[in-house]
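Participant: Once you've had a glance at the structure underneath, I'll fire off some questions.
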Amino acid sequence: MEQWLENLAGTSKRVRLNARTASALVTSTRCNARRALDVARIDKSVVAAALGFDAQRGQSPFALGRGNQFERRVKKDEYLELIELLSPMGFDGAVSDIHDLRDDVPFAPNNADEVLANRAALTRKAIVEIAKGEAPPGRLIDGGALEWTIGDMPVRLEVDALAWWVGGKLRVIEVKSFPVEWGQIPKEKVVAASWQTAVYVAALQDLLQSEGLDPSLISTEIFLVCPHNTGMKPELVRHEISPQLRLLRQHANKQVPIAEIADRAGDVTIDVSTVAPSERQQTLRNTIAKLGPAYQPSCLSTCELAGHCRSVAQTNGDPSVMGGEVLQVSIGISSLHRAAGLLAGAKATTDEADFAELAADIRKAEADVQR
Amino acid sequence: MSKYRAMLKLRAFQEGVAQPYRELRHFYVADRPFVLAYVQMAGETFSLWACLCGRDRDDPYWIVADDPRNRDLQSEAFASLAEVLNREIGSSMANDLEPLQIWVSNAGAGANLARIGRVMRARQVSDEVSLAGAYLDLYAQSMAAPTSVLCMAATEALGRQRATGQSDFEDANLASQLMWWDRRVLAKLFPGLKAAAAKAMSVFEAAAKAEKLPMGTLTSPSADEDLDDVVRQLGVIRREGRTSPKLTKQLHDALYAQVLPIWEAIWEARNVVSKIRESASASERWQQDSRGFRWQYDYLVGGGKRRFTDSPMRAAKLLAQWEAAQADAARDEVAEDRLALVEAVLDNEAVIGTVKKVEKKKIGKREHPFITLAVDETELTKGADVWWRDNLKVKGCITAIEPLKAERLQVTIHVTAGMTKHAMPAVGSSTAFITLPPSFGVQAPMPDNPPWTHRLRVEPVDDDE
């Protein structure tokens, strides 16, 4: 399996997973192509560009700057403001024992994998100590890394978060630079943060389990630390992520095993460096098609290859291109072109009977109102 | 989305052009709206970076904050916007004209007006800025009321009229949705592109090109890479007490290039929908909007303050009002618009038939009118309340549904209210009855002591910071 993934990636550019991409990997169960490419850690934006689709990805430098600025503020003066926020929750700031693993194992661009592996080992040790009650009560872990097995594939996550011990529970704290606006966080922001932190909680639960410790020591109520209103003063929001955690676990169990995707796809690769330039795009298109893509409109905001997949789906008249209700009414329909034909009155097969009936109702109603 | 709309989307996909979803336009469009095209700096939820606004497409106001993270620069931009907005709103209200109708690109751009409005109030720069902030908040909040058109999102205006052959997600990009109306518009959004070249593209190609344009409130991330450099350099120069006209122009030009397509696209959308004939009830609803705005305006210029959050009781009342207004508007649409009737029939909210008989039958001492319809098909059942589409005052109840020859059905309607000699369907005519009930416009009574679900957990927040 490792070999198949190696061959799939070849010499193409690789990326590391973070919690956002990891949760997307788990929840996008429908798309086998994306799953295979992500597990092989292939940079999909490079593939998209090779296919002639410019994937506008990546965060704006302004957004990144704000995020960093806010994080610096939260951690300034030995995490002063953070500890102030945590104290009313029962955190023992007086005996704080802060581990900044970024200092212990500094980031090295040439050796990112090793850095992460070292941080993951340190994180594991620190967490286990907390869980066994061997650590001081005010322990904070910053810049940790977690190893998590999604379905059958282990991934290593850089955790830009902190774990903390109070009242017999370990907490995940996530620092986000979007504001709490007069007591509220916009829903889409909360949802995105919930998925991301659910991945951390799942990884921590599995970590404890593997050490023979009680996974329920990890609280499913996480702490979001965000700027208050229009300023930069941090505010703490408690948020329950058990719904996302439950779905994440369900999805993880439903994953099509990579072995199965590999069996179906056969010997394919995204590495087209040895192919004649004029044939590269076609080769890539074939490879992706064999991996079993499943386009839907939401891919446009989550996957770099969406532009390519949409174009293929449009050409084929795949009913999923319009999503939602259109997909629901098109049950039994092979393509949108066929659906339009039936709507115009073409003779239906048995599979198409439901759709044809609806089409007839519409033609009838349209004729009736003209009278 | 209804089945009807889904089917129209299928047709649009096949034809490569948006399909009419309504024959008429059921919302008011001002002759001279106030268009507000703006961008914010990524991550800065409350910022106003650059904005083209005004009522004249060829002569907009141009407002920029070189770095919205700098309080002074941001405040200057707020003051400029406040001046324009207060003048336009003030003059139309003082002269007893209709309120300003504001147009933004999409729902997100509308929602973020409330955020900009809030920070304009919270920073307390000046009374003018606070007042303009309250206006923006008011306009943005009005979008939550389903029948209000004080603030229009251009994407929604288009979507109310026609269905495209792409997903709702793609429709949220105004430029992309416009391609389904007219691909030639692409030439107005991309300088250097000829209208003929745009027309020669497939609608999918045109939409894919159009969606590269930022149409929400953020500049494109690729543009940000360059903007970041310029903003940083200008910051250094500013802190040294110097200026750089060259760099400032470079920044302004780059921002202008981001905002101009939004400005143009909003006008295009406004123009295409304004050409569609307006329904009779649209102006009634606009009158309601106008009265509501007049009240709020008087309150605000009289020194009143808008709350940042509503109490649960007030929220419940508002929601009830909105729902009632929406229910009435939906009835009006079905009564006024044949395509809305098609949708209602498919959703089992209306029945079309031929009038067989209009007769009086004695029930007890009094005579009651009955209407008999012959219909091809209906899933309505005995006991359903119905209203006559040609005169919604005429109310009845289905008392029998019996089979006729050739699989047709006979529907008997007992008319219980509103029927006069002048309001009566003619025998032999084709007519329709709808099942959508009127809202009655009556508010449910609110308890003095609300249940825990409608009590405040925290006191509503007024201006803070």
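Ordering of the structure tokens sets the chain letters (A, B, ...); residue numbers start at 1 within each chain; ligands are numbered from 1 in the order shown.
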Using only C-alpha atoms, determine which residues of chain B fall within 9 Å of chain A; present them as a PyMOL selection string.
Facilitator: chain B and resi 1-7+9-11+13-14+41-46+115+118-119+122+165-170+204+208+212+220-225+228+308-309+338-339+341-343+345-346+352-353+430-432+460-461+465
Participant: Store the residues picked out above in a file with C-alpha atoms, as a CSV table (one decimal), in the first residue's frame.
Facilitator:
chain,number,residue,atom,x,y,z
B,1,MET,CA,-35.6,25.1,-3.5
B,2,SER,CA,-38.8,23.8,-5.0
B,3,LYS,CA,-39.1,21.0,-7.5
B,4,TYR,CA,-40.1,23.6,-10.0
B,5,ARG,CA,-37.0,25.6,-9.5
B,6,ALA,CA,-34.9,22.4,-9.7
B,7,MET,CA,-36.5,21.7,-13.1
B,9,LYS,CA,-32.2,24.7,-13.4
B,10,LEU,CA,-32.1,21.6,-15.5
B,11,ARG,CA,-33.5,23.5,-18.4
B,13,PHE,CA,-28.1,23.9,-17.8
B,14,GLN,CA,-29.3,22.4,-21.1
B,41,MET,CA,-9.0,43.7,4.4
B,42,ALA,CA,-8.8,39.9,4.9
B,43,GLY,CA,-9.1,38.9,8.5
B,44,GLU,CA,-10.3,42.4,9.5
B,45,THR,CA,-14.0,41.7,9.9
B,46,PHE,CA,-14.9,45.3,10.8
B,115,ARG,CA,-20.3,45.0,11.1
B,118,ARG,CA,-21.2,48.8,14.4
B,119,VAL,CA,-17.6,49.7,14.5
B,122,ALA,CA,-18.5,51.9,18.7
B,165,GLY,CA,-27.8,26.1,-14.6
B,166,GLN,CA,-25.3,26.2,-11.8
B,167,SER,CA,-25.3,25.6,-8.0
B,168,ASP,CA,-26.4,28.1,-5.4
B,169,PHE,CA,-22.8,28.2,-4.2
B,170,GLU,CA,-21.7,29.5,-7.7
B,204,PHE,CA,-19.6,27.5,-18.4
B,208,ALA,CA,-15.6,30.1,-14.7
B,212,LYS,CA,-12.2,34.6,-10.6
B,220,SER,CA,-8.5,38.2,-4.1
B,221,PRO,CA,-5.8,36.3,-2.2
B,222,SER,CA,-3.5,36.6,-5.2
B,223,ALA,CA,-3.9,40.4,-5.3
B,224,ASP,CA,-3.2,40.4,-1.5
B,225,GLU,CA,0.3,39.2,-2.1
B,228,ASP,CA,0.7,43.4,1.3
B,308,PHE,CA,-26.6,46.0,19.2
B,309,THR,CA,-28.7,43.0,20.2
B,338,ARG,CA,-48.4,32.6,-13.7
B,339,LEU,CA,-45.1,31.1,-13.1
B,341,LEU,CA,-48.9,29.5,-9.9
B,342,VAL,CA,-47.1,26.7,-11.7
B,343,GLU,CA,-44.8,26.3,-8.7
B,345,VAL,CA,-49.6,23.7,-8.3
B,346,LEU,CA,-46.5,21.5,-8.2
B,352,ILE,CA,-56.3,24.7,-11.6
B,353,GLY,CA,-59.6,23.6,-13.1
B,430,SER,CA,-60.4,28.1,-16.3
B,431,THR,CA,-59.5,29.3,-12.8
B,432,ALA,CA,-57.4,28.5,-9.8
B,460,PRO,CA,-28.4,43.2,25.7
B,461,VAL,CA,-25.2,45.1,25.0
B,465,GLU,CA,-15.5,49.5,23.9
Participant: As a VMD selection string, please: the residues near region 393-401 of chain B (cut-off 12 Å, only C-alpha atoms, same-chain neighbours under 6 positions excluded).
Facilitator: chain B and resid 331 to 332 335 351 368 to 387 408 to 425 432 to 438 440
Participant: Report, in Å with one decimal, the straight-line distance from CA of Glu98 (chain B) to CA of Pro20 (chain B).
Facilitator: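 Distance between the two atoms: 29.3 Å.
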Participant: For Asp298 (chain B), work out the shell of residues within 12 Å, counting only C-alpha atoms and skipping chain neighbours fewer than 6 positions away, then give it as a list of chain:residue names.
Facilitator: B:Ile89, B:Gly90, B:Met93, B:Ala94, B:Leu131, B:Tyr135, B:Arg291, B:Gly292, B:Gly304, B:Lys305
Participant: Counting only C-alpha atoms, which residues of region 145-237 of chain A sit at most 12 Å from some atom of region 18-42 of chain A, and what is each one's closest atom pair with its distance in Å to one decimal, listed by chain and rising residue number, as a Markdown table?
Facilitator:
| residue | atom | partner | partner_atom | distance |
| --- | --- | --- | --- | --- |
| A:Ala145 | CA | A:Asn18 | CA | 10.0 |
| A:Leu146 | CA | A:Ala19 | CA | 9.9 |
| A:Glu147 | CA | A:Ala19 | CA | 11.0 |
| A:Trp148 | CA | A:Ala22 | CA | 9.5 |
| A:Thr149 | CA | A:Ala22 | CA | 10.3 |
| A:Ile150 | CA | A:Val26 | CA | 7.1 |
| A:Gly151 | CA | A:Val26 | CA | 8.4 |
| A:Asp152 | CA | A:Val39 | CA | 10.0 |
| A:Met153 | CA | A:Val39 | CA | 7.1 |
| A:Pro154 | CA | A:Val39 | CA | 8.7 |
| A:Val155 | CA | A:Val39 | CA | 8.0 |
| A:Arg156 | CA | A:Asn18 | CA | 8.0 |
| A:Leu157 | CA | A:Asn18 | CA | 5.3 |
| A:Glu158 | CA | A:Asn18 | CA | 5.9 |
| A:Val159 | CA | A:Ala19 | CA | 7.4 |
| A:Asp160 | CA | A:Ala19 | CA | 9.1 |
| A:Ala161 | CA | A:Ala19 | CA | 10.6 |
| A:Glu174 | CA | A:Ala19 | CA | 11.6 |
| A:Val191 | CA | A:Arg20 | CA | 11.4 |
| A:Ala192 | CA | A:Arg20 | CA | 8.0 |
| A:Ala193 | CA | A:Arg20 | CA | 8.5 |
| A:Ser194 | CA | A:Ser23 | CA | 10.0 |
| A:Trp195 | CA | A:Ser23 | CA | 6.2 |
| A:Gln196 | CA | A:Ala19 | CA | 5.2 |
| A:Thr197 | CA | A:Ala19 | CA | 7.5 |
| A:Ala198 | CA | A:Ser23 | CA | 8.2 |
| A:Val199 | CA | A:Ala19 | CA | 6.2 |
| A:Tyr200 | CA | A:Ala19 | CA | 7.3 |
| A:Val201 | CA | A:Ala19 | CA | 10.7 |
| A:Ala202 | CA | A:Ser23 | CA | 10.6 |
| A:Ala203 | CA | A:Ala19 | CA | 10.3 |
Participant: Please report, as number ranges by chain, each residue of region 114-335 of chain B to which DSSP assigns alpha helix (DSSP H) when run on this structure's backbone.
Facilitator: B: 114-122, 127-142, 154-161, 168-171, 174-178, 186-189, 195-200, 203-210, 221-239, 245-274, 280-301, 312-335
Participant: Please save C-alpha atoms of the selected residues as a compact mmCIF listing (two decimals), in the first residue's frame.
Facilitator:
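Writing done, so here's result-v1.txt:
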# COMPACT_ATOMS: atom_id res chain seq x y z
CA ALA B 114 -23.84 45.75 9.85
CA ARG B 115 -20.30 45.04 11.10
CA ILE B 116 -18.94 48.22 9.54
CA GLY B 117 -21.93 50.09 10.94
CA ARG B 118 -21.24 48.76 14.41
CA VAL B 119 -17.61 49.74 14.50
CA MET B 120 -18.54 53.19 13.15
CA ARG B 121 -20.79 53.58 16.18
CA ALA B 122 -18.54 51.90 18.70
CA ASP B 127 -22.01 62.11 15.72
CA GLU B 128 -22.08 61.99 11.92
CA VAL B 129 -20.09 58.77 11.80
CA SER B 130 -22.22 57.23 14.54
CA LEU B 131 -25.40 58.19 12.69
CA ALA B 132 -24.14 56.74 9.41
CA GLY B 133 -23.12 53.62 11.33
CA ALA B 134 -26.65 53.31 12.66
CA TYR B 135 -28.01 53.67 9.11
CA LEU B 136 -25.74 50.91 7.85
CA ASP B 137 -26.77 48.67 10.72
CA LEU B 138 -30.42 49.44 9.99
CA TYR B 139 -30.04 48.68 6.29
CA ALA B 140 -28.13 45.47 6.93
CA GLN B 141 -30.65 44.29 9.52
CA SER B 142 -33.52 45.03 7.13
CA ALA B 154 -27.86 41.81 -6.34
CA THR B 155 -27.40 38.03 -6.41
CA GLU B 156 -30.77 37.58 -4.67
CA ALA B 157 -32.48 40.04 -7.01
CA LEU B 158 -31.33 37.99 -10.00
CA GLY B 159 -32.19 34.71 -8.31
CA ARG B 160 -35.74 35.80 -7.60
CA GLN B 161 -36.32 36.26 -11.33
CA ASP B 168 -26.39 28.12 -5.39
CA PHE B 169 -22.80 28.24 -4.23
CA GLU B 170 -21.70 29.47 -7.66
CA ASP B 171 -24.67 31.85 -7.90
CA LEU B 174 -22.59 37.95 -8.75
CA ALA B 175 -20.40 38.05 -11.86
CA SER B 176 -20.78 34.30 -12.31
CA GLN B 177 -24.56 34.43 -11.96
CA LEU B 178 -24.78 37.32 -14.42
CA LEU B 186 -18.11 39.87 -19.03
CA ALA B 187 -16.58 42.48 -21.33
CA LYS B 188 -17.62 45.19 -18.88
CA LEU B 189 -15.97 43.37 -16.00
CA ALA B 195 -18.25 41.69 -26.02
CA ALA B 196 -18.17 39.46 -29.09
CA ALA B 197 -15.41 37.35 -27.55
CA ALA B 198 -17.44 37.02 -24.36
CA LYS B 199 -20.50 35.98 -26.31
CA ALA B 200 -18.49 33.37 -28.18
CA VAL B 203 -21.74 29.88 -20.45
CA PHE B 204 -19.57 27.52 -18.39
CA GLU B 205 -16.37 29.13 -19.65
CA ALA B 206 -17.75 32.61 -19.06
CA ALA B 207 -18.93 31.76 -15.55
CA ALA B 208 -15.60 30.12 -14.68
CA LYS B 209 -13.77 33.25 -15.83
CA ALA B 210 -16.22 35.56 -14.06
CA PRO B 221 -5.81 36.34 -2.17
CA SER B 222 -3.46 36.60 -5.16
CA ALA B 223 -3.92 40.38 -5.25
CA ASP B 224 -3.24 40.45 -1.52
CA GLU B 225 0.30 39.19 -2.05
CA ASP B 226 1.12 42.40 -3.93
CA LEU B 227 -1.08 44.63 -1.80
CA ASP B 228 0.67 43.38 1.33
CA ASP B 229 4.03 44.66 0.07
CA VAL B 230 2.69 48.08 -0.86
CA VAL B 231 0.76 48.51 2.39
CA ARG B 232 3.84 47.58 4.41
CA GLN B 233 6.11 49.98 2.52
CA LEU B 234 3.58 52.78 2.88
CA GLY B 235 3.37 52.04 6.61
CA VAL B 236 7.12 52.48 7.01
CA ILE B 237 7.03 55.73 5.04
CA ARG B 238 4.09 57.00 7.10
CA ARG B 239 5.79 56.26 10.40
CA PRO B 245 2.48 59.68 -4.00
CA LYS B 246 3.78 56.96 -6.30
CA LEU B 247 3.19 54.10 -3.86
CA THR B 248 -0.14 55.58 -2.76
CA LYS B 249 -1.28 55.69 -6.36
CA GLN B 250 -0.10 52.11 -6.88
CA LEU B 251 -2.15 50.99 -3.87
CA HIS B 252 -5.23 52.94 -4.90
CA ASP B 253 -5.05 51.67 -8.48
CA ALA B 254 -4.75 48.07 -7.28
CA LEU B 255 -7.72 48.47 -4.95
CA TYR B 256 -9.75 50.27 -7.60
CA ALA B 257 -9.18 47.35 -9.95
CA GLN B 258 -10.61 45.05 -7.26
CA VAL B 259 -13.70 47.16 -6.53
CA LEU B 260 -14.63 48.39 -10.01
CA PRO B 261 -15.93 45.01 -11.29
CA ILE B 262 -18.14 44.74 -8.19
CA TRP B 263 -19.53 48.22 -8.84
CA GLU B 264 -20.20 47.44 -12.51
CA ALA B 265 -21.73 44.04 -11.79
CA ILE B 266 -24.17 45.46 -9.24
CA TRP B 267 -25.35 48.07 -11.76
CA GLU B 268 -25.71 45.44 -14.47
CA ALA B 269 -27.83 43.29 -12.17
CA ARG B 270 -29.93 46.25 -11.09
CA ASN B 271 -30.49 47.25 -14.71
CA VAL B 272 -31.55 43.83 -15.97
CA VAL B 273 -34.07 43.27 -13.19
CA SER B 274 -35.44 46.81 -13.42
CA ALA B 280 -48.93 45.52 -8.27
CA SER B 281 -48.22 44.35 -4.74
CA ALA B 282 -44.51 45.21 -5.00
CA SER B 283 -45.21 48.92 -4.61
CA GLU B 284 -47.48 48.24 -1.61
CA ARG B 285 -44.63 46.41 0.09
CA TRP B 286 -42.25 49.24 -0.76
CA GLN B 287 -44.70 51.66 0.88
CA GLN B 288 -44.43 49.55 4.01
CA ASP B 289 -40.64 49.64 3.79
CA SER B 290 -40.80 53.40 3.36
CA ARG B 291 -43.04 53.90 6.38
CA GLY B 292 -40.81 51.68 8.49
CA PHE B 293 -37.71 53.53 7.38
CA ARG B 294 -39.32 56.92 8.00
CA TRP B 295 -40.07 55.85 11.58
CA GLN B 296 -36.50 54.62 12.15
CA TYR B 297 -35.07 57.73 10.51
CA ASP B 298 -37.05 60.07 12.75
CA TYR B 299 -35.98 58.03 15.76
CA LEU B 300 -32.29 58.08 14.82
CA VAL B 301 -32.01 61.75 13.86
CA PRO B 312 -35.62 37.60 22.94
CA MET B 313 -39.16 38.99 23.23
CA ARG B 314 -38.55 41.62 20.60
CA ALA B 315 -36.83 39.06 18.38
CA ALA B 316 -39.86 36.77 18.67
CA LYS B 317 -42.20 39.62 17.72
CA LEU B 318 -40.06 40.63 14.77
CA LEU B 319 -39.89 37.08 13.53
CA ALA B 320 -43.68 36.76 13.73
CA GLN B 321 -44.06 39.99 11.77
CA TRP B 322 -41.62 38.85 9.10
CA GLU B 323 -43.30 35.49 8.75
CA ALA B 324 -46.70 37.14 8.37
CA ALA B 325 -45.39 39.56 5.75
CA GLN B 326 -43.73 36.73 3.88
CA ALA B 327 -46.88 34.61 3.89
CA ASP B 328 -48.89 37.50 2.45
CA ALA B 329 -46.24 38.24 -0.16
CA ALA B 330 -46.17 34.58 -1.22
CA ARG B 331 -49.96 34.67 -1.76
CA ASP B 332 -49.71 37.85 -3.76
CA GLU B 333 -47.04 36.29 -5.97
CA VAL B 334 -49.19 33.28 -6.76
CA ALA B 335 -52.16 35.54 -7.46
Participant: CA of Pro68 (chain B) and CA of Ala107 (chain B) are how many Å apart?
Facilitator: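 Here the two named atoms are 22.5 Å from each other.
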Participant: Distance CA of Asp92 (chain A)-CA of Lys132 (chain A), one decimal place?
Facilitator: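 Pair CA of Asp92 (chain A) / CA of Lys132 (chain A) returns 17.7 Å.
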Participant: List every residue of region 173-344 of chain A that DSSP, applied to the backbone, labels as strand (DSSP E or B), and write the result as a PyMOL selection string.
Facilitator: chain A and resi 173-175+180-181+184+218+221-228+234-240
Participant: Can those selected residues be exported to a file as a CSV table (one decimal), in the first residue's frame so that it contains C-alpha atoms?
Facilitator:
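The new file result.csv reads:
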chain,number,residue,atom,x,y,z
A,173,ILE,CA,-7.7,25.4,23.6
A,174,GLU,CA,-7.8,26.8,20.2
A,175,VAL,CA,-6.7,30.4,19.4
A,180,VAL,CA,-16.5,37.2,19.1
A,181,GLU,CA,-19.1,39.8,18.0
A,184,GLN,CA,-21.6,35.7,19.2
A,218,ILE,CA,-10.4,14.6,27.2
A,221,GLU,CA,-16.0,21.0,25.5
A,222,ILE,CA,-13.2,23.1,24.0
A,223,PHE,CA,-12.2,26.6,24.7
A,224,LEU,CA,-12.0,29.1,21.8
A,225,VAL,CA,-9.9,32.1,22.4
A,226,CYS,CA,-10.9,34.9,20.1
A,227,PRO,CA,-10.6,38.7,20.0
A,228,HIS,CA,-13.4,40.5,21.8
A,234,PRO,CA,-8.8,38.0,24.0
A,235,GLU,CA,-12.1,36.5,25.1
A,236,LEU,CA,-12.8,32.9,25.9
A,237,VAL,CA,-15.8,31.0,24.5
A,238,ARG,CA,-16.7,27.5,25.7
A,239,HIS,CA,-17.9,25.3,22.9
A,240,GLU,CA,-19.2,21.7,22.8
Participant: Which neighbours of Val104 (chain B) fall inside 8 Å, counting only C-alpha atoms, when residues of the same chain fewer than 3 positions from it are skipped, and could you give them as a list in words?
Facilitator: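 Answer for this query is Val35, Leu36, Ala37, Ala107, Ala109, Gly110, Cys151, Met152, Ala153, Ala154 and Ile266 of chain B.
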